[in-house]
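> This is the structure I want to talk about, given as structure tokens.
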Amino acid sequence: MRKVRVLIIGSGPAGLTAAIYTSRAQLSTVVVTGKQLGGQIATTHDVDNFPGFPDGITGPELAERIKAQSERFGAEYDYDIVTEVDFTKGSPFYVKTQNTEYLADAVIVTIGATPRKLNIPGEEEYTGRGVSWCATCDGFFFRGKEIIVVGGGDSALQEAIFLTKFCTEVTVVHRRDTLRASVALQKRAMENERIKFVYDTVIDEIHGADGKVNAVTLRNVKTDATEKRDIAGVFIFVGYDPNSGIFGTQLKTDDLGYFIVDDFMRTSVEGVFAGGEIHDNYFRQAITASGQGAAAALSTVNWLGERERQLQDLGETPLAATGD
Ligand code: NAP
């Protein structure tokens, strides 16, 4: 059983930034990274709006830089996945990963959200063979080809614009006749000659041959007319679901599964804090997640200090503080 003062679950901008603050406050800190360091920014090509990088920076590089900054103060990284948590008994909290059991005086949950699927025939079968959720990872494979981007939000348009670096034509398929994306992104996408829009339309099925996507069935939701269209790839950007499943009912969530936190980033369990897209379904920016991670960490530092004073008055020591 490894004992730490602060365990951070998730290594997106929120978790990485929280690690800077808690380790700099001299609290032993371990970040359980999840599948990949950086979370969603690991699959973001150009981060153009994170302050301090006038020429932009790639997502993976930004993650590595924040990690390095936290390591300077002693934060440690565990490249593992959390499989079980027990918050029912209060602090110290039990957290199990695939390889380690932790006991942590405080926990900061920055586990983020996962891109949604369409749940249509062919989607799973052709994942990684023409169906993708990551333009940065897979765009290059579609050089000189025609592809579809599904969705009408900021992600769909931003990624559609990026994909025109590789693809001859990018068709944005949106289920309504009005885009959800910001006006600025809409303008940029509409000015791009390689981007076409198909409105009021959904994909009913993704088809393939020889293990690769080669067509989709499109359906107009107003007329119900269907059309089979030859296409090399389908990129899906239809929103996100919070990764709150592992916590069961231990932490309060809203109807969509996002954690409910107060202004101090406190969850419904004392000593468990949260930041980033696990509670924020609105801003969803690397910089806002970073800010929320910093706030969660500051609240954690304050809460641990207060708790330590109370335990000292009782002649006790915080359990995890007794070290590894
Ligand atoms: P989003 O804003 O929730 O948009 C999701 C899009 O997918 C919507 O157009 C939605 O259609 C469509 N959709 C949802 N389920 C669908 C389904 N089953 N089939 C077909 N279409 C479906 O998600 P997002 O674009 O990922 O953005 C999430 C948040 O991150 C937003 O707050 C956004 O502003 C922010 N963000 C910002 C930037 C930026 O500032 N550069 C970049 C990326 C994301 P409806 O419109 O009909 O609901």
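Residues in the structure tokens are named by chain (A, B, ... in the order shown) and by number from 1 within that chain; ligands are numbered from 1 in the order shown.
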Enumerate as a PyMOL selection string the residues within 9 Å of ligand 1, counting only C-alpha atoms and all ligand atoms.
chain A and resi 47-49+115-119+150-159+173-182+185+201-203+236-240+281-285
> Could those residues be written to a file, using C-alpha atoms, as a PDB file, in the first residue's frame?

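Saved file selection02.pdb follows:
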ATOM      1  CA  VAL A  47      -3.025  24.644 -28.985  1.00  0.00           C
ATOM      2  CA  ASP A  48      -3.221  28.260 -30.075  1.00  0.00           C
ATOM      3  CA  ASN A  49      -4.936  29.801 -27.103  1.00  0.00           C
ATOM      4  CA  PRO A 115     -15.514  11.616 -26.965  1.00  0.00           C
ATOM      5  CA  ARG A 116     -19.002  10.282 -27.750  1.00  0.00           C
ATOM      6  CA  LYS A 117     -19.747   7.578 -30.286  1.00  0.00           C
ATOM      7  CA  LEU A 118     -22.543   7.489 -32.836  1.00  0.00           C
ATOM      8  CA  ASN A 119     -23.473   3.872 -32.030  1.00  0.00           C
ATOM      9  CA  VAL A 150     -19.676  14.484 -38.058  1.00  0.00           C
ATOM     10  CA  GLY A 151     -20.913  17.242 -35.714  1.00  0.00           C
ATOM     11  CA  GLY A 152     -21.675  20.945 -35.763  1.00  0.00           C
ATOM     12  CA  GLY A 153     -19.831  22.167 -32.666  1.00  0.00           C
ATOM     13  CA  ASP A 154     -16.464  23.859 -32.173  1.00  0.00           C
ATOM     14  CA  SER A 155     -14.605  20.546 -32.157  1.00  0.00           C
ATOM     15  CA  ALA A 156     -16.105  19.429 -35.459  1.00  0.00           C
ATOM     16  CA  LEU A 157     -15.261  22.668 -37.253  1.00  0.00           C
ATOM     17  CA  GLN A 158     -11.829  23.093 -35.701  1.00  0.00           C
ATOM     18  CA  GLU A 159     -10.868  19.545 -36.680  1.00  0.00           C
ATOM     19  CA  VAL A 173     -22.386  16.358 -41.716  1.00  0.00           C
ATOM     20  CA  HIS A 174     -24.609  17.995 -39.131  1.00  0.00           C
ATOM     21  CA  ARG A 175     -27.956  16.760 -37.835  1.00  0.00           C
ATOM     22  CA  ARG A 176     -29.590  20.195 -37.770  1.00  0.00           C
ATOM     23  CA  ASP A 177     -29.670  23.185 -40.130  1.00  0.00           C
ATOM     24  CA  THR A 178     -27.815  25.470 -37.703  1.00  0.00           C
ATOM     25  CA  LEU A 179     -24.274  24.977 -36.484  1.00  0.00           C
ATOM     26  CA  ARG A 180     -23.504  25.059 -32.770  1.00  0.00           C
ATOM     27  CA  ALA A 181     -19.905  26.239 -33.283  1.00  0.00           C
ATOM     28  CA  SER A 182     -18.751  29.799 -32.527  1.00  0.00           C
ATOM     29  CA  LEU A 185     -15.000  29.136 -36.358  1.00  0.00           C
ATOM     30  CA  THR A 201     -28.355  14.771 -42.013  1.00  0.00           C
ATOM     31  CA  VAL A 202     -27.096  11.826 -39.988  1.00  0.00           C
ATOM     32  CA  ILE A 203     -25.046   8.768 -40.856  1.00  0.00           C
ATOM     33  CA  ILE A 236     -16.601  11.913 -35.234  1.00  0.00           C
ATOM     34  CA  PHE A 237     -16.852  15.029 -33.020  1.00  0.00           C
ATOM     35  CA  VAL A 238     -20.278  14.902 -31.388  1.00  0.00           C
ATOM     36  CA  GLY A 239     -19.491  15.901 -27.819  1.00  0.00           C
ATOM     37  CA  TYR A 240     -18.224  14.151 -24.710  1.00  0.00           C
ATOM     38  CA  ASN A 281     -19.248  20.728 -19.440  1.00  0.00           C
ATOM     39  CA  TYR A 282     -19.194  24.322 -20.584  1.00  0.00           C
ATOM     40  CA  PHE A 283     -15.783  25.943 -21.043  1.00  0.00           C
ATOM     41  CA  ARG A 284     -13.759  22.825 -21.910  1.00  0.00           C
ATOM     42  CA  GLN A 285     -10.530  24.696 -22.615  1.00  0.00           C
TER      43      GLN A 285
END
> Just checking: using only C-alpha atoms, which residue out of A:Glu146, A:Glu191, A:Glu277, A:Asp230 ends up closest to A:Ser244?
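The closest residue to A:Ser244 is A:Glu277.
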> Write out as a PyMOL selection string all residues of stretch 89-197 of chain A that backbone DSSP assigns to alpha helix (DSSP H).
chain A and resi 135-138+154-163+183-191
> Using only C-alpha atoms, please write the residues we just selected to a file, as an mmCIF file, in the first residue's frame.

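Saved file part_5.cif follows:
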data_model
loop_
_atom_site.group_PDB
_atom_site.id
_atom_site.type_symbol
_atom_site.label_atom_id
_atom_site.label_comp_id
_atom_site.auth_asym_id
_atom_site.auth_seq_id
_atom_site.Cartn_x
_atom_site.Cartn_y
_atom_site.Cartn_z
ATOM 1 C CA ALA A 135 -7.566 14.290 -36.440
ATOM 2 C CA THR A 136 -4.027 14.796 -35.124
ATOM 3 C CA CYS A 137 -3.431 11.078 -34.850
ATOM 4 C CA ASP A 138 -5.059 9.947 -38.084
ATOM 5 C CA ASP A 154 -16.464 23.859 -32.173
ATOM 6 C CA SER A 155 -14.605 20.546 -32.157
ATOM 7 C CA ALA A 156 -16.105 19.429 -35.459
ATOM 8 C CA LEU A 157 -15.261 22.668 -37.253
ATOM 9 C CA GLN A 158 -11.829 23.093 -35.701
ATOM 10 C CA GLU A 159 -10.868 19.545 -36.680
ATOM 11 C CA ALA A 160 -12.471 19.883 -40.117
ATOM 12 C CA ILE A 161 -10.266 22.920 -40.773
ATOM 13 C CA PHE A 162 -7.194 20.985 -39.607
ATOM 14 C CA LEU A 163 -8.081 17.993 -41.788
ATOM 15 C CA VAL A 183 -19.306 32.384 -35.227
ATOM 16 C CA ALA A 184 -15.535 32.841 -35.678
ATOM 17 C CA LEU A 185 -15.000 29.136 -36.358
ATOM 18 C CA GLN A 186 -18.029 28.974 -38.632
ATOM 19 C CA LYS A 187 -16.605 31.852 -40.663
ATOM 20 C CA ARG A 188 -13.206 30.193 -40.980
ATOM 21 C CA ALA A 189 -14.723 26.866 -41.974
ATOM 22 C CA MET A 190 -17.088 28.420 -44.504
ATOM 23 C CA GLU A 191 -14.258 30.387 -46.081
#
> Could you find all residues in stretch 201-282 of chain A that DSSP calls strand (DSSP E or B) from the backbone, and write them as a ChimeraX atom specification?
/A:201-209,212-220,226-230,233-236,240-242,253,259,266,272-274
> Let's have the selection written as a PDB file, in the first residue's frame, with C-alpha atoms.

ATOM      1  CA  THR A 201     -28.355  14.771 -42.013  1.00  0.00           C
ATOM      2  CA  VAL A 202     -27.096  11.826 -39.988  1.00  0.00           C
ATOM      3  CA  ILE A 203     -25.046   8.768 -40.856  1.00  0.00           C
ATOM      4  CA  ASP A 204     -27.063   5.554 -40.614  1.00  0.00           C
ATOM      5  CA  GLU A 205     -24.242   3.156 -41.439  1.00  0.00           C
ATOM      6  CA  ILE A 206     -20.531   3.078 -42.188  1.00  0.00           C
ATOM      7  CA  HIS A 207     -19.549   0.633 -44.928  1.00  0.00           C
ATOM      8  CA  GLY A 208     -16.202  -0.845 -45.831  1.00  0.00           C
ATOM      9  CA  ALA A 209     -14.294  -3.294 -47.951  1.00  0.00           C
ATOM     10  CA  LYS A 212     -11.292  -0.164 -44.589  1.00  0.00           C
ATOM     11  CA  VAL A 213     -14.095   2.383 -44.746  1.00  0.00           C
ATOM     12  CA  ASN A 214     -15.260   3.056 -48.290  1.00  0.00           C
ATOM     13  CA  ALA A 215     -18.742   4.579 -47.950  1.00  0.00           C
ATOM     14  CA  VAL A 216     -21.477   5.818 -45.619  1.00  0.00           C
ATOM     15  CA  THR A 217     -25.242   5.839 -45.781  1.00  0.00           C
ATOM     16  CA  LEU A 218     -26.479   9.373 -45.178  1.00  0.00           C
ATOM     17  CA  ARG A 219     -30.070  10.088 -44.187  1.00  0.00           C
ATOM     18  CA  ASN A 220     -31.810  13.438 -44.353  1.00  0.00           C
ATOM     19  CA  THR A 226     -30.998   8.145 -47.954  1.00  0.00           C
ATOM     20  CA  GLU A 227     -27.878   8.309 -50.064  1.00  0.00           C
ATOM     21  CA  LYS A 228     -24.829   6.057 -50.150  1.00  0.00           C
ATOM     22  CA  ARG A 229     -21.713   8.164 -50.505  1.00  0.00           C
ATOM     23  CA  ASP A 230     -18.177   6.953 -51.257  1.00  0.00           C
ATOM     24  CA  GLY A 233     -12.884   8.216 -43.605  1.00  0.00           C
ATOM     25  CA  VAL A 234     -15.310   9.368 -40.920  1.00  0.00           C
ATOM     26  CA  PHE A 235     -14.136  11.650 -38.100  1.00  0.00           C
ATOM     27  CA  ILE A 236     -16.601  11.913 -35.234  1.00  0.00           C
ATOM     28  CA  TYR A 240     -18.224  14.151 -24.710  1.00  0.00           C
ATOM     29  CA  ASP A 241     -19.276  12.005 -21.763  1.00  0.00           C
ATOM     30  CA  PRO A 242     -17.683  12.532 -18.324  1.00  0.00           C
ATOM     31  CA  THR A 253     -23.170  14.191 -10.232  1.00  0.00           C
ATOM     32  CA  PHE A 259     -19.453  15.997 -10.835  1.00  0.00           C
ATOM     33  CA  ARG A 266     -15.079  20.541  -3.362  1.00  0.00           C
ATOM     34  CA  VAL A 272     -12.067  14.907  -2.534  1.00  0.00           C
ATOM     35  CA  PHE A 273     -11.733  17.797  -4.966  1.00  0.00           C
ATOM     36  CA  ALA A 274     -12.246  17.982  -8.738  1.00  0.00           C
TER      37      ALA A 274
END
> Near A:Tyr79, counting only C-alpha atoms, which residues have an atom at most 9 Å away, once you skip same-chain residues fewer than 2 positions from it, shown as a list in words?
Val31, Val32, Thr33, Gly34, Lys35, Gln36, Leu37, Tyr77 and Ile81 of chain A
> For A:Gly12, list every protein, DNA or RNA residue within 8 Å, evaluated using only C-alpha atoms, and leave out those in the same chain fewer than 4 positions away; present the list as an mmCIF file with all heavy atoms, in the first residue's frame.

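Everything below was put into around-v9.cif:
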data_model
loop_
_atom_site.group_PDB
_atom_site.id
_atom_site.type_symbol
_atom_site.label_atom_id
_atom_site.label_comp_id
_atom_site.auth_asym_id
_atom_site.auth_seq_id
_atom_site.Cartn_x
_atom_site.Cartn_y
_atom_site.Cartn_z
ATOM 1 N N LEU A 16 -2.388 18.045 -14.264
ATOM 2 C CA LEU A 16 -0.978 18.445 -14.339
ATOM 3 C C LEU A 16 -0.748 19.747 -13.571
ATOM 4 O O LEU A 16 0.245 19.894 -12.851
ATOM 5 C CB LEU A 16 -0.559 18.621 -15.805
ATOM 6 C CG LEU A 16 -0.558 17.355 -16.667
ATOM 7 C CD1 LEU A 16 -0.413 17.716 -18.136
ATOM 8 C CD2 LEU A 16 0.554 16.412 -16.231
ATOM 9 N N LEU A 37 -0.656 10.524 -21.085
ATOM 10 C CA LEU A 37 -0.348 11.793 -20.445
ATOM 11 C C LEU A 37 -0.970 12.930 -21.254
ATOM 12 O O LEU A 37 -0.840 12.972 -22.476
ATOM 13 C CB LEU A 37 1.171 11.997 -20.377
ATOM 14 C CG LEU A 37 1.591 13.253 -19.638
ATOM 15 C CD1 LEU A 37 1.590 13.019 -18.138
ATOM 16 C CD2 LEU A 37 2.941 13.740 -20.096
ATOM 17 N N GLY A 38 -1.642 13.832 -20.553
ATOM 18 C CA GLY A 38 -2.221 14.984 -21.244
ATOM 19 C C GLY A 38 -3.711 14.841 -21.487
ATOM 20 O O GLY A 38 -4.397 15.812 -21.773
ATOM 21 N N GLY A 39 -4.217 13.584 -21.399
ATOM 22 C CA GLY A 39 -5.638 13.375 -21.671
ATOM 23 C C GLY A 39 -5.971 13.835 -23.074
ATOM 24 O O GLY A 39 -5.254 13.517 -24.026
ATOM 25 N N GLN A 40 -7.036 14.623 -23.190
ATOM 26 C CA GLN A 40 -7.479 15.011 -24.540
ATOM 27 C C GLN A 40 -6.488 15.912 -25.268
ATOM 28 O O GLN A 40 -6.431 15.883 -26.497
ATOM 29 C CB GLN A 40 -8.828 15.705 -24.455
ATOM 30 C CG GLN A 40 -9.966 14.745 -24.175
ATOM 31 C CD GLN A 40 -11.270 15.490 -24.149
ATOM 32 O OE1 GLN A 40 -11.693 16.075 -25.136
ATOM 33 N NE2 GLN A 40 -11.920 15.491 -23.000
ATOM 34 N N ILE A 41 -5.681 16.694 -24.541
ATOM 35 C CA ILE A 41 -4.754 17.560 -25.299
ATOM 36 C C ILE A 41 -3.649 16.744 -25.967
ATOM 37 O O ILE A 41 -2.996 17.225 -26.892
ATOM 38 C CB ILE A 41 -4.136 18.732 -24.498
ATOM 39 C CG1 ILE A 41 -3.375 18.266 -23.283
ATOM 40 C CG2 ILE A 41 -5.109 19.828 -24.209
ATOM 41 C CD1 ILE A 41 -2.394 19.326 -22.792
ATOM 42 N N ALA A 63 1.611 19.220 -22.456
ATOM 43 C CA ALA A 63 1.468 18.280 -21.334
ATOM 44 C C ALA A 63 2.843 17.961 -20.733
ATOM 45 O O ALA A 63 3.029 18.004 -19.514
ATOM 46 C CB ALA A 63 0.784 17.000 -21.810
ATOM 47 N N THR A 110 -9.362 14.620 -11.709
ATOM 48 C CA THR A 110 -9.286 15.413 -12.951
ATOM 49 C C THR A 110 -9.304 14.429 -14.121
ATOM 50 O O THR A 110 -8.452 14.469 -14.989
ATOM 51 C CB THR A 110 -7.986 16.251 -12.972
ATOM 52 O OG1 THR A 110 -6.882 15.357 -12.729
ATOM 53 C CG2 THR A 110 -7.986 17.332 -11.915
ATOM 54 N N ILE A 111 -10.278 13.552 -14.092
ATOM 55 C CA ILE A 111 -10.288 12.391 -14.989
ATOM 56 C C ILE A 111 -10.926 12.687 -16.349
ATOM 57 O O ILE A 111 -10.906 11.864 -17.257
ATOM 58 C CB ILE A 111 -10.973 11.203 -14.262
ATOM 59 C CG1 ILE A 111 -10.622 9.867 -14.887
ATOM 60 C CG2 ILE A 111 -12.456 11.429 -14.131
ATOM 61 C CD1 ILE A 111 -11.053 8.667 -14.058
ATOM 62 N N GLY A 112 -11.518 13.881 -16.485
ATOM 63 C CA GLY A 112 -11.954 14.340 -17.801
ATOM 64 C C GLY A 112 -13.179 13.666 -18.387
ATOM 65 O O GLY A 112 -14.020 13.123 -17.667
#
> Rank A:Glu316, A:Asp86, A:Asp210, A:Asp263 by their smallest atom-to-atom distance to A:Ala104, using only C-alpha atoms, and report the top residue only.
A:Asp86
